[in-house]
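**Student:** The structure follows.
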Amino acid sequence: MDSPKDPEQTVAQHDGGSDQDDFLAIDPESGVKRGLKTRHLSMMALAGIIGPGLLVGSGGALSSGGPASLLIGFGVIGIVAFSIMQSLGELTTLYPSGGAFTQLAARMVDPAFAVAVGWNYFIIWFAVLANEYNATTSILVFWSDKVPVWGYFLLLWTAFLLFQFCGVTTFGEAEFWLALLKLVGLVAFYIFSIVYVSGGIQGTGAIGFRYWHDPGPFVEGFRGVASVFVFCSTFYAGCESIAVAATETKNPRVAVPLAIRQVFWRIIFIYMGAAFFFGITCPANADQLVNGSSRALLSPMTVAIQNAGWQGGVHLINAFILITCISAINSSIYIGSRTLLYMAQQRMAPSFLGWTDKRGVPIPAITLANAFGALSMMNVSTGASEAYDYIVNLSGVSTFLVWGSISLIHIRFRQAWKAQGHHVQDLPFVSLWYPWNAYFGLGANIFLALVQGWANFAPWDAGGFVDAYILLPLFFVIYAGYKVVFKTRFWRKEEIDLQSGRRRDLEDSKDIAEVETGVAQPWWKRLLRNF
């Protein structure tokens, strides 16, 4: 890797650039295509990335902590996620181009800090990708074991690689419809849950909140609650991916604020809704959740529908989970590859990963990101459930580190914005409750990074402790190593680059101008602008 880019040089290049660059279909800095529509980004914010993490992994969280812990975990992490998204909304709306928060970390804090953030973010996504391949191959083996696990993996790996090569517009369109299917499936399950607990299914009787009394709301007290935080952080990972996709969005000044608002409904409807209905329809001590020897990872949805009397329902739920897996694998490869691409272009990763073809497709970055999905082959020797737990624990702390870093970047940005004579009212999107919200996000993520491995202390589990905390020192090792080798420094507020990465929308039309200025529009125009 070469030495990091000089921010002063970046400013000079930006100042000398043409305004026409704002309206090019291919981003001149990164080489990617600006092909994502507003509806693509909105649906990615609302239901993107949701896959086996939520639908399968929540079974492990429920058995570890109980239904009350699941609600607390989703609620607490949801508040933290909302804080992070407010910070990210302000930053990304102003700076939609140039490599998301990884480059912003280099400009607002220190290039060495950006390297540590970027590689930790990539760790999250190769771990999530491996989990999703793990769940997908497990479902396929459950249906037919005539093809070995590795055979299914190779077929899937090739298919997803070729699909990613089709380009960002194809990816966005697929994600839109897959996310819509996920929302329909969750609504159907919520309706089933209400009918089931109310006694509306013949032969079952009303169960109400029976599972909150037996086996009870909590499993192992605070130890169980702490263990749930790890799972929940993995479930929420992906909310911040809006920033990664902003560079490839046609109209970020409209799309990004709209997507940020969608995250609130994602927290309420999807995460809190799932935690509530999983907790009332599935007992925390269900054998399918506690005994993970089967290669078919059974979710609380499967347990609930079987307890309601439909034993064949496992195939319906597994089909739904398979659909979510397709979406989640697709998104994980996209986010992981763009993270590598932007780091390589900032000389924080091998330079060959920064290449894109003439269609704006980063072929080397996509190939390498997808290759890390091979970690899912851990389930050949350890079993699908154990493999899932290993990888979740490894990636959980990285989520807190990256989220905390986003809060710090936001704080540094606001300090520089004020120091250089700018005004808050000049920002296209203003974060709620600054500075309290940003400092809360920073403090909460530091706290959660430290307590997420609490369950390994009593009784002492050396292997679990290493798995839960190994990435904490690794973050600082990467930071210190890069700083020493390339002699980077912490930027002063007065010298932080506040100009690079800003651009106007590709479709800078009258309708978009009306949205930005708040001019009243007919209801049908307000509806259509979401599509």
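Lettering and numbering for the structure tokens are positional, with chains as A, B, ... in the shown order, residues counted from 1 in each chain, and ligands counted from 1 in the shown order.
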Near A:Phe165, within 12 Å and counting only C-alpha atoms, which residues show up once chain neighbours fewer than 3 positions away are dropped, as a ChimeraX atom specification?
**Tutor:** /A:158-162,168-171,330,333-334,337,356-367,370
**Student:** Excluding A:Phe465 and residues on its chain fewer than 3 positions from it, collect all residues at most 12 Å away from it, counting only C-alpha atoms, and give them as a list in words.
**Tutor:** Ser227, Tyr390, Asn393, Leu394, Val397, Leu450, Val451, Gln452, Gly453, Trp454, Ala455, Asn456, Phe457, Ala458, Pro459, Trp460, Asp461, Ala462, Ala468, Tyr469, Ile470, Leu471 and Leu472 of chain A
**Student:** Between A:Ala419, A:Met301, A:Val485, A:Cys239, single out the one closest to A:Thr399, counting only C-alpha atoms.
**Tutor:** A:Cys239
**Student:** I want to know what sits within 8 Å of A:Tyr121, based on only C-alpha atoms, with residues of the same chain fewer than 3 positions away left out; could you give that as a PyMOL selection string?
**Tutor:** chain A and resi 117-118+124-125+339+398-399+402
**Student:** Measure the distance from atom CA of A:Ala68 to atom CA of A:Pro217 in Å and round it to one decimal.
**Tutor:**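 Between these atoms lies a distance of 4.8 Å.
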**Student:** Would you mind listing what lies within 6 Å of stretch 34-40 of chain A as a ChimeraX atom specification, with only C-alpha atoms counted and same-chain residues fewer than 6 positions away left out?
**Tutor:** /A:25-26,169,172,176,248-250,255,530-531
**Student:** Distance atom CA of A:Trp417-atom CA of A:Val263, one decimal place?
**Tutor:**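 For atom CA of A:Trp417 relative to atom CA of A:Val263, the distance reads 26.0 Å.
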**Student:** Assign secondary structure with DSSP using the backbone only, and return the residues of stretch 389-436 of chain A in alpha helix (DSSP H) as a ChimeraX atom specification.
**Tutor:** /A:389-419,436
